[in-house]
Amino acid sequence: MNDDRYGRDVLATDWRKPKTVPPAILEAGQGLVVELVENGFCGAVVGVEGRMVKLEDRRGKVRVFPLGPGFLVEGKPVVLRAPATLTTSRGKLVSASGSIAVTDAKARVARASRIFVEGRHDAELVEKVWGHDLRVEGVVVEYLEGVDHLERLLGEFGPGPRKRVGVLVDHLVTGSKESRIAQAVARGPHSKHVLVVGHPYVDVWQSVKPGRLGLRAWPTIPRQTEWKHGICAALGWPHEDQADIARAWQRILSRVDTYADLEPQLLGRVEQLIDFVTAE
């Protein structure tokens with residue numbers, strides 16, 4: 001018989017030669033920066049459609065490539081796959097937010113109501129955990145690029161009974177700039193149709209449980225230090241430019257799979273906003 005149940009003689013080959021490490025398999029999450037092995041094109045993931053991933057380079061050019069092998073992340077080969085948004089619990093499909101997934105509903109036309117968050121990282125985190133729920137409800141999430149623009153944006157948006165606005169802000173604590181802006185909105189002409197809530201963290205990064213990154217707690221950063229740069233420095237991560245900060249965030253975001261990876265102070269506020277903007 002030619003079939004050797006114990007395999008080949010290991011001494012018949014060069015056993016000292018290092019084994020090839022298979023590439024890591026990564027979800028093509030929003031904002032993940034990847035490089036193509038074939039041509040060196042480098043861009044951030046801005047969407048996944050079917051078996052294709054959309055990448056946007058630093059000049060704003062978007063190109064589409066098939067998911068699978070052929071990509072590099074931080075110089076290491078990876079295989080990209082579509083984000084997994086649903087899991088199974090007790091025989092039922094469950095979304096990343098913990099809600100029972102809706103699989104047979106038709107795509108809902110987007111509501112006039114909106115949820116605004118402070119920045120891109122907030123939007124990406126909300127999409128990763130609550131994306132399924134938001135699509136079922138027809139709720140669009142947009143980012144403000146800073147809460148300082150909120151009152152002007154509300155004036156342009158024109159909230160109303162069927163055009164509600166929910167706003168999620170960072171560092172909503174007594175005496176902060178964010179709390180003063182929230183109080184001004186609550187006293188303003190749009191108060192009935194706008195809800196501003198927030199979490200106590202300096203940045204949404206802190207809403208990810210530190211244990212997911214192997215930390216006992218997030219480092220304390222001096223007030224005079226830019227927080228994200230300070231965090232990267234404290235953790236020994238590159239932080240020279242914005243590309244380093246973007247990679248640091250993707251490293252953090254990759255540790256988030258479901259609501260269980262986030263702090264309750266964020267979870268409750270997002271659920272509150274979804275309820276507010278979907279109330280009939």
# chains A, B, ... in the order shown; residues from 1 in each chain; ligands from 1
>>> closest_atom_pairs(of="range 171-197 of chain A", to="range 138-160 of chain A", cutoff="10 Å", atoms="only C-alpha atoms", output="Markdown table")
| residue | atom | partner | partner_atom | distance |
| --- | --- | --- | --- | --- |
| A:Lys177 | CA | A:Asp148 | CA | 8.8 |
| A:Glu178 | CA | A:Val147 | CA | 7.1 |
| A:Ile181 | CA | A:Asp148 | CA | 7.7 |
| A:Ala182 | CA | A:Leu150 | CA | 9.2 |
| A:Ala184 | CA | A:Glu151 | CA | 8.6 |
| A:Val185 | CA | A:Glu151 | CA | 7.1 |
| A:Gly188 | CA | A:Glu151 | CA | 9.2 |
| A:Pro189 | CA | A:Gly155 | CA | 9.4 |
| A:His190 | CA | A:Pro159 | CA | 6.4 |
| A:Ser191 | CA | A:Pro159 | CA | 9.2 |
| A:Lys192 | CA | A:Gly160 | CA | 8.1 |
| A:His193 | CA | A:Gly160 | CA | 5.6 |
| A:Val194 | CA | A:Pro159 | CA | 7.1 |
>>> residues_around(residues="Glu124 in chain A", least_positions_apart="3", cutoff="8 Å", atoms="only C-alpha atoms", output="MDAnalysis selection string")
chainID A and resid 30:31 120:121 127:128
>>> select_by_dssp(residues="range 82-248 of chain A", states="helix (DSSP H, G or I)", output="VMD selection string")
chain A and resid 120 to 137 147 to 157 177 to 187 191 to 193 204 to 207 210 to 213 227 to 235 242 to 248
>>> write_last_selection(atoms="C-alpha atoms", output="short mmCIF file (atom, residue, chain, number, x, y, z; two decimals), in the first residue's frame")
data_model
loop_
_atom_site.label_atom_id
_atom_site.label_comp_id
_atom_site.auth_asym_id
_atom_site.auth_seq_id
_atom_site.Cartn_x
_atom_site.Cartn_y
_atom_site.Cartn_z
CA ARG A 120 -15.50 59.24 12.43
CA HIS A 121 -14.36 56.87 15.16
CA ASP A 122 -17.66 57.24 17.02
CA ALA A 123 -19.55 56.54 13.79
CA GLU A 124 -17.48 53.44 13.01
CA LEU A 125 -17.99 52.02 16.49
CA VAL A 126 -21.75 52.61 16.38
CA GLU A 127 -21.92 51.02 12.93
CA LYS A 128 -19.98 47.95 14.02
CA VAL A 129 -22.21 47.21 17.01
CA TRP A 130 -25.58 48.69 16.05
CA GLY A 131 -25.35 48.66 12.25
CA HIS A 132 -27.89 45.86 11.78
CA ASP A 133 -30.43 47.52 14.07
CA LEU A 134 -30.00 50.92 12.41
CA ARG A 135 -30.53 49.51 8.92
CA VAL A 136 -33.67 47.69 10.03
CA GLU A 137 -35.02 50.94 11.50
CA VAL A 147 -19.73 69.22 18.89
CA ASP A 148 -18.92 72.94 18.47
CA HIS A 149 -20.88 72.84 15.19
CA LEU A 150 -24.02 71.40 16.74
CA GLU A 151 -26.21 74.50 17.09
CA ARG A 152 -25.41 75.66 13.55
CA LEU A 153 -26.12 72.18 12.18
CA LEU A 154 -29.48 72.00 13.96
CA GLY A 155 -30.45 75.36 12.48
CA GLU A 156 -29.69 74.05 8.99
CA PHE A 157 -31.29 70.62 9.59
CA LYS A 177 -17.79 72.40 27.20
CA GLU A 178 -19.97 69.55 25.96
CA SER A 179 -22.35 69.88 28.91
CA ARG A 180 -22.76 73.61 28.28
CA ILE A 181 -23.60 72.99 24.63
CA ALA A 182 -26.11 70.27 25.60
CA GLN A 183 -27.77 72.62 28.08
CA ALA A 184 -28.02 75.36 25.44
CA VAL A 185 -29.75 72.96 23.04
CA ALA A 186 -32.16 71.88 25.80
CA ARG A 187 -33.13 75.53 26.30
CA SER A 191 -35.56 71.12 22.45
CA LYS A 192 -38.68 68.98 21.85
CA HIS A 193 -37.19 67.23 18.86
CA VAL A 204 -14.89 57.11 22.47
CA TRP A 205 -11.76 54.90 22.50
CA GLN A 206 -12.23 54.61 26.27
CA SER A 207 -15.70 53.11 25.86
CA PRO A 210 -9.60 47.94 28.54
CA GLY A 211 -9.50 44.19 29.12
CA ARG A 212 -10.17 43.68 25.41
CA LEU A 213 -6.74 45.19 24.79
CA TRP A 227 -5.27 62.49 24.36
CA LYS A 228 -5.00 60.05 21.46
CA HIS A 229 -1.30 60.73 20.95
CA GLY A 230 -0.79 60.35 24.69
CA ILE A 231 -2.61 57.01 24.72
CA CYS A 232 -0.53 55.67 21.84
CA ALA A 233 2.68 56.84 23.51
CA ALA A 234 1.69 55.25 26.83
CA LEU A 235 0.94 51.94 25.10
CA GLN A 242 -2.56 60.89 11.69
CA ALA A 243 -1.95 57.62 9.87
CA ASP A 244 -0.50 56.20 13.10
CA ILE A 245 -3.57 57.35 15.02
CA ALA A 246 -5.85 55.78 12.40
CA ARG A 247 -3.99 52.47 12.70
CA ALA A 248 -4.21 52.64 16.48
#
>>> residues_around(residues="range 24-27 of chain A", least_positions_apart="5", cutoff="8 Å", atoms="only C-alpha atoms", output="number ranges by chain")
A: 77-84
>>> residues_around(residues="range 44-49 of chain A", least_positions_apart="4", cutoff="6 Å", atoms="only C-alpha atoms", output="PyMOL selection string")
chain A and resi 30-33+53-56
>>> atom_distance(atom1="CA of Trp218 in chain A", atom2="CA of Gly29 in chain A")
23.3 Å
>>> atom_distance(atom1="CA of Thr278 in chain A", atom2="CA of Leu266 in chain A")
18.7 Å
